[in-house]
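A short worksheet on the structure shown next.
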Amino acid sequence: MISDLFTTLTPGSFVINKNNKNWGLGQIQSSIGNIITVNFENVGKKVINANEINLEIIKSDVFNRSI
């Protein structure tokens with residue numbers, strides 16, 4: 001059974017790695033089951049097992065706020 005988290009980790013979504021926030025913002029490139037490929041701004045492409053690494057989805061409205 002695929003968890004609800006895996007279904008929300010879709011290509012184009014923005015995420016951070018809660019355990020390695022210094023990786024920066026990442027954008028999901030592909031998602032097949034629990035294997036997620038993410039392009040992070042500070043470390044480049046990473047292939048992540050979502051069972052092992054806790055990704056946090058960043059809502060798009062965060063980008064639309066005025067600074």
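In the structure tokens, chains take the letters A, B, ... in the order shown, each chain's residues start at 1, and ligands count up from 1 in the order shown.
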*Please return as a PyMOL selection string: the residues of range 1-65 of chain A that backbone DSSP assigns to helix (DSSP H, G or I).*
chain A and resi 4-8+21-23+60-62
*Do a neighbour search on range 11-22 of chain A at 10 Å with only C-alpha atoms, toss out local chain neighbours closer than 2 positions, and write the hits as number ranges by chain.*
A: 8-9, 24-31, 36-43, 48, 53-60
